[in-house]
Amino acid sequence: MSSHPPLIILCAGRSYSSVVSCMLGQHPSIFAAPELNLFQRETLGEIHQLAHQRGLYSLHGLVRSLALLHDGEQSELAATRAWAWIEAHADWSTAKVLDHLRDCAAPAILVDKSPTTAGRRSHLGRLIRAAPDARILHLTRHPLSVGQSLYRVKSAKAVLSHAPQPFDAQAVEEHWIKIQYQILDFTAHLPAHRHLRLQGEWLVEHPIRYLEQICRWLGIDQDAEALAAMLRPEQNPFAHIGPANARFGNNVDFLKNPRLRQGPPPAVDLEMPLPWFIEQRHFSEMAKRLARQFGYQ
Amino acid sequence: MMQSNATSPAHPELDTDCANTLAGLDLRLDWLAAETLQGIALPQFCAQIGGDLLIGGLTHTTAGTDAVINRVKANTQVVEPVFRAAVITAATKPAAERLGIELGFTAYANFEQQDAPMLAIALVSLHESLLLLTLDGQDFQTLPNPPVGSDLRHPLGTLTGFGDRLVGAALGALEPHQESAPDNEGLVSSVNGLERWSSMSPRPLGRPGSRIIQCLAEHDGQLLAAIANPIRGCEIHVAQADTPAALGRSLQWRCVIDQGAHRYIENSCVSALCSHRGAVYVASGGLGPGFNQGQQPVLAPPELIRLDLDADAAGWELISGQPRFSPEKLRVPSLALGPGLGHPEMAVHSHLLSTAEGLIVSANQQRGANSTFALWRLPDDDQAAQPITENGFGLSGHWLSCLEPTPLGLVGLTRPWSNSADSLPVAFCINQRSAL
């Protein structure tokens, strides 16, 4: 494998991954794919089958990436060809698909930010087998902000669907803890220089400072022009709603309003009551300890 | 040189790799005679005074546990017990079991008192915690512990010499707690023949969430205090005493690193602090001195950081550890080694020692019967870490509890993880081969 090692962003959902990925993708030496969701199964056929069960939108990121890499555009026709390519290569392992994307993106570095990757240990296992040379960026966000964001989205969905479902408040914290521990366990077995952790809040507040450091880590240009381009995530080809047959691939809210909301992080605290509980509840000691490990208070 | 006892079953034959490594570094290893540790089951310190070596530790008796000090005469290699005191008796055993921590010798420091070299040793006991003082390693003056922070007489957890003072900080607990205020008891220093003590900090040192002062060191006229902070990550505070008179009152402290230098609570503790060749080296990680009975520490392999206190704004460099983003720059280890000097299975850098040949760094694993320890030498050019041993010289199941430069050489004392009666501590000595 001759291409540059891929960069995999691991995070819980609602952790700035869409904006960060689109910012990175503006660097001339980076191809930042939308969510590829490759590592949930062994073969592309199985991934396709899973998408049929859970919603084809989970393959939109892969389709849009293939369209752009194969045909140089994200037209409906190019996306149709990409869907056909997926069906024609159902027997390919997802590792082989990743290699194909790396080759197509080369000499640029392939970036993937699928939140599903950190969702299960088996997914992380597939990731490392598929890309044993991968660099990992562990992107974090204050768990209170993650929970608030998730709560907002779920509440809005419930209202829009006119079929409100009970919001599993307890699951917010449990899910965040599970994802973070899985990422920590995974990265603990990697060489130290291959994984770095970054508070998303830092990047949003001081983007140039941390984009420069990320580029330095990846060994790519840190010149002013490249960094300036990275401040314009809205110009990324995956920062907008895609063609009718592959509309998504990144966070929908971001796709509708793709911009960097630069500024200081919201004033949140681990000791605050959790707004997604009706009764007054606080983070567990386990969640607080984990958050402190990432520098949150 | 001490008698070696290569026939003892506790002393393994060095394998070819280890022998070659030592030869390549111009080093020689001698196992010290078992008598060196006679009567000591759990070695806790070794120190030098008057050209001799003192080894202290605990021994179990039918009644309880005693603290014992042996003196090893450097010239005759004769070993003699010079101090013994009960730490736990039958009456206090239940209380000790409830406490669940190891008592005994917690700290020692060489310093000069009225131009005479003196050794101070802190002893923590369920009976009477004391400060032992000796000029010759033979006779010990005992003092009650000084009042630290309040009128209570706290046992001391760390000591250092600073000018002609002895500076100490109280032993304490590491558990995080909700209160935001610092919770260490500050520092005290001795004044005039150790008869009087004064506070060296106007209030408990540290940022919100900080707990005990784990390590103290002197560097170029400055006093450094390393503080555990299980909420935000460890901190290093520095004070300058420009005049002798300044030593008699509280010093002005400034924080030179905090938030575990941005590894947060994965660097909640400082396990060792050492002044070496114009800089200060900090061993940090999830483990360090202090009581930790409750919450499990964050188990993160240790890092090595170098502080430059001469810079206009104090700076620091990562020597080995986890690369990270920081407000200043991308921090990558200068030795290009990850945590544990490239050995993430290591739990703690237990010792840092300044020697003429470079900085000596030790590390202990914490995996019981299969664990081991490692020693490296870091020459001053920052080019590479030279492993002295990465398998505890073949001593499987042992950890390094003491390491001290002495007139005999660099003396190390190990302790077995196993509590079985046939698992005994071991003493070794390392010297420059060409110097012999």
# chains A, B, ... in the order shown; residues from 1 in each chain; ligands from 1

$ closest_atom_pairs --of "chain A" --to "chain B" --cutoff "6 Å" --atoms "only C-alpha atoms" --output "JSON lines"
{"residue": "A:Ala192", "atom": "CA", "partner": "B:Gly338", "partner_atom": "CA", "distance": 5.1}
{"residue": "A:Leu196", "atom": "CA", "partner": "B:Arg324", "partner_atom": "CA", "distance": 5.8}
{"residue": "A:Gln213", "atom": "CA", "partner": "B:Leu330", "partner_atom": "CA", "distance": 5.3}
{"residue": "A:Gln293", "atom": "CA", "partner": "B:Ile265", "partner_atom": "CA", "distance": 5.1}
{"residue": "A:Gly295", "atom": "CA", "partner": "B:Tyr264", "partner_atom": "CA", "distance": 5.6}

$ residues_around --residues "segment 24-26 of chain B" --least-positions-apart "5" --cutoff "7 Å" --atoms "only C-alpha atoms" --output "number ranges by chain"
B: 432-434

$ select_by_dssp --residues "segment 39-253 of chain B" --states "helix (DSSP H, G or I)" --output "ChimeraX atom specification"
/B:93-99,244-248

$ select_by_dssp --residues "segment 231-277 of chain B" --states "strand (DSSP E or B)" --output "list in words"
Glu235, Ile236, His237, Val238, Ala239, Gln240, Trp253, Arg254, Cys255, Val256, Ile257, Cys269, Val270, Ser271, Ala272, Leu273, Cys274, Ser275 and His276 of chain B

$ write_last_selection --atoms "C-alpha atoms" --output "short mmCIF file (atom, residue, chain, number, x, y, z; two decimals), in the first residue's frame"
data_model
loop_
_atom_site.label_atom_id
_atom_site.label_comp_id
_atom_site.auth_asym_id
_atom_site.auth_seq_id
_atom_site.Cartn_x
_atom_site.Cartn_y
_atom_site.Cartn_z
CA GLU B 235 0.75 21.04 39.16
CA ILE B 236 4.28 22.27 39.81
CA HIS B 237 4.72 25.38 41.92
CA VAL B 238 8.00 27.24 42.36
CA ALA B 239 9.21 29.73 44.96
CA GLN B 240 12.44 31.66 45.09
CA TRP B 253 4.79 30.86 44.82
CA ARG B 254 4.04 30.69 41.12
CA CYS B 255 2.55 27.83 39.19
CA VAL B 256 4.78 26.74 36.30
CA ILE B 257 2.70 23.88 34.98
CA CYS B 269 0.26 12.64 40.09
CA VAL B 270 3.95 13.40 40.20
CA SER B 271 5.96 10.37 41.24
CA ALA B 272 9.43 11.93 41.11
CA LEU B 273 11.05 15.33 40.70
CA CYS B 274 14.75 15.89 40.02
CA SER B 275 17.08 18.79 39.33
CA HIS B 276 19.59 17.77 36.68
#

$ residues_around --residues "Glu225 of chain A" --least-positions-apart "4" --cutoff "10 Å" --atoms "only C-alpha atoms" --output "PyMOL selection string"
chain A and resi 27-28+221+229-230

$ write_last_selection --atoms "N, CA and C atoms" --output "short mmCIF file (atom, residue, chain, number, x, y, z; two decimals), in the first residue's frame"
data_model
loop_
_atom_site.label_atom_id
_atom_site.label_comp_id
_atom_site.auth_asym_id
_atom_site.auth_seq_id
_atom_site.Cartn_x
_atom_site.Cartn_y
_atom_site.Cartn_z
N HIS A 27 -7.93 21.29 2.95
CA HIS A 27 -6.48 21.30 2.73
C HIS A 27 -6.19 20.58 1.41
N PRO A 28 -5.31 21.12 0.58
CA PRO A 28 -5.07 20.49 -0.72
C PRO A 28 -4.51 19.07 -0.64
N ASP A 221 1.66 20.43 4.40
CA ASP A 221 1.94 21.87 4.44
C ASP A 221 1.13 22.58 5.51
N ALA A 229 -7.70 28.23 3.67
CA ALA A 229 -8.72 27.42 2.99
C ALA A 229 -9.49 26.56 3.98
N MET A 230 -8.77 26.09 5.01
CA MET A 230 -9.41 25.22 5.99
C MET A 230 -10.41 25.97 6.87
#

$ residues_around --residues "Trp276 of chain A" --least-positions-apart "6" --cutoff "8 Å" --atoms "only C-alpha atoms" --output "PyMOL selection string"
chain A and resi 147-148+151+169

$ residues_around --residues "Thr116 of chain A" --least-positions-apart "6" --cutoff "8 Å" --atoms "only C-alpha atoms" --output "PDB file with N, CA, C and O atoms, in the first residue's frame"
ATOM      1  N   ASN A  37     -19.027   4.819   6.951  1.00  0.00           N
ATOM      2  CA  ASN A  37     -19.706   3.724   7.676  1.00  0.00           C
ATOM      3  C   ASN A  37     -19.281   2.354   7.180  1.00  0.00           C
ATOM      4  O   ASN A  37     -20.093   1.441   7.042  1.00  0.00           O
ATOM      5  N   PHE A  39     -17.015   0.132   8.511  1.00  0.00           N
ATOM      6  CA  PHE A  39     -16.471  -0.918   9.379  1.00  0.00           C
ATOM      7  C   PHE A  39     -17.534  -1.657  10.187  1.00  0.00           C
ATOM      8  O   PHE A  39     -17.212  -2.405  11.106  1.00  0.00           O
ATOM      9  N   GLN A  40     -18.797  -1.469   9.806  1.00  0.00           N
ATOM     10  CA  GLN A  40     -19.861  -2.163  10.539  1.00  0.00           C
ATOM     11  C   GLN A  40     -19.973  -3.627  10.136  1.00  0.00           C
ATOM     12  O   GLN A  40     -20.544  -4.429  10.862  1.00  0.00           O
ATOM     13  N   HIS A 123     -16.290  -2.973  15.284  1.00  0.00           N
ATOM     14  CA  HIS A 123     -16.046  -2.003  14.214  1.00  0.00           C
ATOM     15  C   HIS A 123     -14.609  -1.501  14.285  1.00  0.00           C
ATOM     16  O   HIS A 123     -13.932  -1.371  13.259  1.00  0.00           O
TER      17      HIS A 123
END

$ closest_residue --among "A:Ala246, A:Leu68, A:Leu124, A:Ala32" --to "Trp83 of chain A" --atoms "only C-alpha atoms"
A:Ala246

$ residues_around --residues "Leu132 of chain B" --least-positions-apart "2" --cutoff "9 Å" --atoms "only C-alpha atoms" --output "PyMOL selection string"
chain B and resi 119-123+130+134+140-144

$ closest_residue --among "B:Leu156, B:Leu304, B:Met346, B:Leu309" --to "Val361 of chain B" --atoms "only C-alpha atoms"
B:Leu304

$ atom_distance --atom1 "atom CA of Gln44 of chain B" --atom2 "atom CA of Ala427 of chain B"
12.0 Å

$ atom_distance --atom1 "atom CA of Ala239 of chain A" --atom2 "atom CA of Val252 of chain A"
9.7 Å

$ atom_distance --atom1 "atom CA of Thr160 of chain B" --atom2 "atom CA of Phe428 of chain B"
25.0 Å

$ decode --residues "segment 53-161 of chain A" --atoms "C-alpha atoms" --output "short mmCIF file (atom, residue, chain, number, x, y, z; two decimals), in the first residue's frame"
data_model
loop_
_atom_site.label_atom_id
_atom_site.label_comp_id
_atom_site.auth_asym_id
_atom_site.auth_seq_id
_atom_site.Cartn_x
_atom_site.Cartn_y
_atom_site.Cartn_z
CA GLN A 53 -32.54 -2.49 6.86
CA ARG A 54 -31.60 0.71 8.69
CA GLY A 55 -31.86 3.34 6.01
CA LEU A 56 -29.95 3.85 2.79
CA TYR A 57 -28.86 7.29 3.96
CA SER A 58 -26.06 5.55 5.90
CA LEU A 59 -24.40 4.86 2.53
CA HIS A 60 -24.79 8.40 1.22
CA GLY A 61 -21.29 9.34 2.35
CA LEU A 62 -19.75 6.39 0.52
CA VAL A 63 -21.83 7.05 -2.60
CA ARG A 64 -20.89 10.73 -2.68
CA SER A 65 -17.22 9.89 -2.15
CA LEU A 66 -17.23 7.31 -4.95
CA ALA A 67 -19.06 9.70 -7.25
CA LEU A 68 -16.54 12.45 -6.71
CA LEU A 69 -13.50 10.16 -6.85
CA HIS A 70 -14.67 8.12 -9.86
CA ASP A 71 -16.44 10.79 -11.91
CA GLY A 72 -15.13 14.03 -10.49
CA GLU A 73 -18.63 15.24 -9.65
CA GLN A 74 -21.58 14.58 -7.36
CA SER A 75 -24.33 14.66 -9.94
CA GLU A 76 -27.31 12.35 -9.70
CA LEU A 77 -25.88 10.37 -12.60
CA ALA A 78 -22.50 10.00 -10.90
CA ALA A 79 -24.26 8.90 -7.72
CA THR A 80 -26.30 6.35 -9.71
CA ARG A 81 -23.04 4.95 -11.04
CA ALA A 82 -21.65 4.82 -7.51
CA TRP A 83 -24.69 2.87 -6.28
CA ALA A 84 -24.15 0.46 -9.16
CA TRP A 85 -20.48 0.15 -8.27
CA ILE A 86 -21.44 -0.78 -4.73
CA GLU A 87 -23.77 -3.50 -5.98
CA ALA A 88 -21.17 -4.78 -8.42
CA HIS A 89 -18.53 -5.05 -5.69
CA ALA A 90 -20.69 -6.66 -3.03
CA ASP A 91 -18.08 -9.35 -2.52
CA TRP A 92 -15.34 -6.86 -1.75
CA SER A 93 -14.23 -6.71 1.84
CA THR A 94 -14.71 -3.33 3.44
CA ALA A 95 -10.93 -3.27 3.90
CA LYS A 96 -10.54 -3.56 0.14
CA VAL A 97 -13.04 -0.76 -0.35
CA LEU A 98 -11.03 1.43 1.98
CA ASP A 99 -7.87 0.63 0.01
CA HIS A 100 -9.69 1.55 -3.18
CA LEU A 101 -10.75 4.89 -1.73
CA ARG A 102 -7.21 5.53 -0.50
CA ASP A 103 -5.83 4.79 -3.94
CA CYS A 104 -8.40 7.02 -5.62
CA ALA A 105 -7.73 9.85 -3.18
CA ALA A 106 -3.93 9.55 -3.38
CA PRO A 107 -1.72 11.45 -3.09
CA ALA A 108 -4.19 13.15 -0.74
CA ILE A 109 -4.73 11.69 2.72
CA LEU A 110 -8.11 9.99 3.11
CA VAL A 111 -10.07 11.12 6.17
CA ASP A 112 -13.10 9.28 7.52
CA LYS A 113 -15.23 10.52 10.42
CA SER A 114 -18.00 7.93 10.71
CA PRO A 115 -19.39 7.95 14.27
CA THR A 116 -20.40 4.31 13.76
CA THR A 117 -16.74 3.29 13.81
CA ALA A 118 -16.43 3.87 17.54
CA GLY A 119 -19.86 2.41 18.21
CA ARG A 120 -18.68 -1.15 18.69
CA ARG A 121 -15.42 -2.86 19.48
CA SER A 122 -15.93 -5.08 16.44
CA HIS A 123 -16.05 -2.00 14.21
CA LEU A 124 -12.78 -0.75 15.67
CA GLY A 125 -11.28 -4.18 15.14
CA ARG A 126 -12.23 -4.05 11.47
CA LEU A 127 -10.79 -0.57 11.21
CA ILE A 128 -7.36 -1.61 12.43
CA ARG A 129 -7.32 -4.71 10.27
CA ALA A 130 -8.29 -2.63 7.26
CA ALA A 131 -5.86 0.19 7.99
CA PRO A 132 -3.17 -0.93 10.41
CA ASP A 133 -1.23 2.23 9.59
CA ALA A 134 -4.13 4.61 10.30
CA ARG A 135 -3.70 7.72 12.36
CA ILE A 136 -6.48 8.33 14.86
CA LEU A 137 -7.82 11.72 15.90
CA HIS A 138 -9.95 11.30 19.01
CA LEU A 139 -12.28 14.26 18.87
CA THR A 140 -14.05 15.15 22.11
CA ARG A 141 -16.77 17.50 23.20
CA HIS A 142 -18.02 18.34 26.67
CA PRO A 143 -20.53 15.61 27.55
CA LEU A 144 -23.08 18.19 28.68
CA SER A 145 -22.91 19.86 25.26
CA VAL A 146 -23.18 16.45 23.55
CA GLY A 147 -26.24 15.61 25.61
CA GLN A 148 -27.86 19.00 25.02
CA SER A 149 -27.28 18.71 21.28
CA LEU A 150 -28.67 15.20 21.16
CA TYR A 151 -31.67 16.21 23.23
CA ARG A 152 -32.40 19.13 20.92
CA VAL A 153 -32.24 16.92 17.84
CA LYS A 154 -34.37 14.15 19.32
CA SER A 155 -36.94 16.63 20.59
CA ALA A 156 -37.15 18.32 17.19
CA LYS A 157 -37.54 14.96 15.45
CA ALA A 158 -40.28 13.95 17.84
CA VAL A 159 -42.17 17.17 17.15
CA LEU A 160 -41.75 16.89 13.39
CA SER A 161 -42.80 13.26 13.28
#
